$ cat data34.pdb   # PDB, C-alpha atoms
ATOM      1  CA  MET A  19      20.349  -2.959  -2.515
ATOM      2  CA  VAL A  20      19.018  -2.948   1.042
ATOM      3  CA  PRO A  21      19.946  -6.049   3.073
ATOM      4  CA  THR A  22      17.140  -8.304   4.266
ATOM      5  CA  SER A  23      18.223  -7.866   7.864
ATOM      6  CA  TYR A  24      17.165  -4.199   7.757
ATOM      7  CA  TYR A  25      13.645  -5.214   6.750
ATOM      8  CA  LEU A  26      13.562  -7.830   9.504
ATOM      9  CA  ILE A  27      14.712  -5.331  12.126
ATOM     10  CA  LEU A  28      12.065  -2.841  10.996
ATOM     11  CA  SER A  29       9.456  -5.591  11.058
ATOM     12  CA  ALA A  30      10.453  -6.600  14.590
ATOM     13  CA  ILE A  31      10.233  -2.989  15.777
ATOM     14  CA  ILE A  32       6.758  -2.574  14.259
ATOM     15  CA  PHE A  33       5.636  -5.886  15.775
ATOM     16  CA  ILE A  34       6.904  -4.897  19.220
ATOM     17  CA  ILE A  35       5.135  -1.538  19.022
ATOM     18  CA  GLY A  36       1.905  -3.320  18.091
ATOM     19  CA  ALA A  37       2.275  -5.896  20.871
ATOM     20  CA  VAL A  38       2.933  -3.187  23.471
ATOM     21  CA  GLY A  39      -0.126  -1.320  22.211
ATOM     22  CA  VAL A  40      -2.326  -4.415  22.522
ATOM     23  CA  LEU A  41      -1.099  -5.156  26.024
ATOM     24  CA  SER A  42      -1.173  -1.625  27.407
ATOM     25  CA  ARG A  43      -4.244   0.065  25.902
ATOM     26  CA  ARG A  44      -7.859  -0.202  27.041
ATOM     27  CA  ASN A  45      -9.528   1.339  23.976
ATOM     28  CA  ALA A  46     -10.858  -1.349  21.613
ATOM     29  CA  LEU A  47     -10.229   0.728  18.488
ATOM     30  CA  ILE A  48      -6.574   1.260  19.415
ATOM     31  CA  ILE A  49      -6.204  -2.470  20.090
ATOM     32  CA  ILE A  50      -7.604  -3.308  16.643
ATOM     33  CA  MET A  51      -5.153  -0.866  15.046
ATOM     34  CA  CYS A  52      -2.255  -2.408  16.977
ATOM     35  CA  VAL A  53      -3.239  -5.889  15.795
ATOM     36  CA  GLU A  54      -3.215  -4.540  12.247
ATOM     37  CA  MET A  55       0.293  -3.189  12.839
ATOM     38  CA  MET A  56       1.377  -6.645  13.972
ATOM     39  CA  LEU A  57      -0.123  -8.260  10.864
ATOM     40  CA  ASN A  58       1.595  -5.706   8.632
ATOM     41  CA  SER A  59       4.943  -6.408  10.263
ATOM     42  CA  VAL A  60       4.486 -10.092   9.444
ATOM     43  CA  ASN A  61       3.624  -9.091   5.873
ATOM     44  CA  LEU A  62       6.853  -7.095   5.672
ATOM     45  CA  THR A  63       8.800 -10.151   6.827
ATOM     46  CA  LEU A  64       7.127 -12.389   4.258
ATOM     47  CA  ILE A  65       7.849  -9.911   1.463
ATOM     48  CA  ALA A  66      11.481  -9.530   2.560
ATOM     49  CA  PHE A  67      12.070 -13.272   2.516
ATOM     50  CA  ALA A  68      10.230 -13.667  -0.785
ATOM     51  CA  ARG A  69      12.492 -11.012  -2.292
ATOM     52  CA  GLN A  70      15.606 -12.579  -0.832
ATOM     53  CA  TRP A  71      14.840 -16.040  -2.221
ATOM     54  CA  ASP A  72      13.290 -14.796  -5.511
ATOM     55  CA  ASN A  73      10.119 -16.735  -4.779
ATOM     56  CA  LEU A  74       6.564 -15.455  -5.140
ATOM     57  CA  ASN A  75       5.057 -17.766  -2.517
ATOM     58  CA  GLY A  76       5.626 -15.214   0.249
ATOM     59  CA  GLN A  77       3.869 -12.512  -1.723
ATOM     60  CA  VAL A  78       0.896 -14.779  -2.421
ATOM     61  CA  PHE A  79       0.679 -15.560   1.282
ATOM     62  CA  VAL A  80       0.687 -11.818   2.019
ATOM     63  CA  PHE A  81      -2.513 -11.465  -0.006
ATOM     64  CA  MET A  82      -4.078 -14.203   2.113
ATOM     65  CA  VAL A  83      -3.000 -12.441   5.324
ATOM     66  CA  MET A  84      -4.437  -9.172   3.999
ATOM     67  CA  ALA A  85      -7.778 -10.879   3.312
ATOM     68  CA  VAL A  86      -7.863 -12.272   6.846
ATOM     69  CA  ALA A  87      -6.945  -8.829   8.214
ATOM     70  CA  ALA A  88      -9.792  -7.209   6.279
ATOM     71  CA  ALA A  89     -12.262  -9.769   7.627
ATOM     72  CA  GLU A  90     -10.900  -9.270  11.152
ATOM     73  CA  VAL A  91     -11.391  -5.517  10.914
ATOM     74  CA  ALA A  92     -14.930  -5.910   9.587
ATOM     75  CA  VAL A  93     -15.983  -8.293  12.358
ATOM     76  CA  GLY A  94     -14.079  -6.361  15.034
ATOM     77  CA  LEU A  95     -15.620  -3.044  14.071
ATOM     78  CA  ALA A  96     -19.105  -4.599  13.958
ATOM     79  CA  ILE A  97     -18.640  -5.922  17.490
ATOM     80  CA  LEU A  98     -17.207  -2.582  18.588
ATOM     81  CA  ILE A  99     -20.171  -0.672  17.169
ATOM     82  CA  ALA A 100     -22.629  -3.051  18.851
ATOM     83  CA  HIS A 101     -20.804  -2.630  22.157
ATOM     84  CA  PHE A 102     -20.671   1.155  21.758
ATOM     85  CA  ASN A 103     -24.432   1.302  21.131
ATOM     86  CA  LEU A 104     -25.052  -0.529  24.419
ATOM     87  CA  SER A 105     -22.503   1.087  26.719
ATOM     88  CA  LYS A 106     -21.503   4.382  25.017
ATOM     89  CA  THR A 107     -17.816   3.550  25.601
ATOM     90  CA  THR A 108     -15.047   1.692  23.779
ATOM     91  CA  ASN A 109     -13.286   0.627  26.958
ATOM     92  CA  ILE A 110     -12.647  -3.127  26.885
ATOM     93  CA  ASP A 111     -13.107  -3.381  30.647
ATOM     94  CA  ASP A 112     -16.830  -2.855  30.078
ATOM     95  CA  VAL A 113     -17.289  -5.762  27.645
ATOM     96  CA  ASN A 114     -19.351  -7.737  30.151
ATOM     97  CA  VAL A 115     -22.303  -5.480  29.191
ATOM     98  CA  MET A 116     -22.852  -7.630  26.076
ATOM     99  CA  LYS A 117     -23.617 -10.749  28.156
ATOM    100  CA  TRP A 118     -27.203 -11.997  28.076
TER     101      TRP A 118
END
$ encode --input "data34.pdb" --output "structure tokens"
Amino acid sequence: MVPTSYYLILSAIIFIIGAVGVLSRRNALIIIMCVEMMLNSVNLTLIAFARQWDNLNGQVFVFMVMAVAAAEVAVGLAILIAHFNLSKTTNIDDVNVMKW
């Protein structure tokens, strides 16, 4: 049986990689993927604690986080496509093009 601390360490590493990606990249698609990595690391933590305490509440909450993540990707990609149609780039420094 794998200890819960291993899952938490892996989750922290994935979260840090996602946070560094959000802070260092300029491509909007990469930033969206890094946010998804951060959400998945939180899901891994919730599952690990749910398994440790033999409680299904963490797993139910993971489904809610996954639904929010799916909605975030749908809205984010729609905004990204609209921005790409206007500016022909996915660089977030050029977002001011969408102003009226």
$ resolve_selection --input "data34.pdb" --expression "the PyMOL selection byres ((chain A and resi 33-41) around 6)" --output "list in words"
Ala30, Ile31, Ile32, Ser42, Arg43, Ile49, Cys52, Met55, Met56 and Ser59 of chain A
$ atom_distance --input "data34.pdb" --atom1 "CA of Phe67 (chain A)" --atom2 "CA of Thr22 (chain A)"
7.3 Å
$ closest_residue --input "data34.pdb" --among "A:Leu57, A:Leu47, A:Asn73, A:Val86" --to "Phe102 (chain A)" --atoms "only C-alpha atoms"
A:Leu47
$ atom_distance --input "data34.pdb" --atom1 "CA of Gln70 (chain A)" --atom2 "CA of Ile27 (chain A)"
14.9 Å
$ residues_around --input "data34.pdb" --residues "Ser23 (chain A)" --least-positions-apart "2" --cutoff "12 Å" --atoms "only C-alpha atoms" --output "PyMOL selection string"
chain A and resi 19-21+25-30+62-63+66-67+70
$ atom_distance --input "data34.pdb" --atom1 "CA of Arg44 (chain A)" --atom2 "CA of Thr108 (chain A)"
8.1 Å
$ resolve_selection --input "data34.pdb" --expression "the PyMOL selection byres ((chain A and resi 76) around 9)" --output "PyMOL selection string"
chain A and resi 61+63-69+73-75+77-81
$ residues_around --input "data34.pdb" --residues "Ile97 (chain A)" --least-positions-apart "6" --cutoff "12 Å" --atoms "only C-alpha atoms" --output "PDB file with C-alpha atoms, in the frame of the given file"
ATOM      1  CA  ALA A  46     -10.858  -1.349  21.613  1.00  0.00           C
ATOM      2  CA  LEU A  47     -10.229   0.728  18.488  1.00  0.00           C
ATOM      3  CA  ILE A  50      -7.604  -3.308  16.643  1.00  0.00           C
ATOM      4  CA  GLU A  90     -10.900  -9.270  11.152  1.00  0.00           C
ATOM      5  CA  VAL A  91     -11.391  -5.517  10.914  1.00  0.00           C
ATOM      6  CA  ASN A 103     -24.432   1.302  21.131  1.00  0.00           C
ATOM      7  CA  LEU A 104     -25.052  -0.529  24.419  1.00  0.00           C
ATOM      8  CA  THR A 108     -15.047   1.692  23.779  1.00  0.00           C
ATOM      9  CA  ILE A 110     -12.647  -3.127  26.885  1.00  0.00           C
ATOM     10  CA  VAL A 113     -17.289  -5.762  27.645  1.00  0.00           C
ATOM     11  CA  MET A 116     -22.852  -7.630  26.076  1.00  0.00           C
TER      12      MET A 116
END
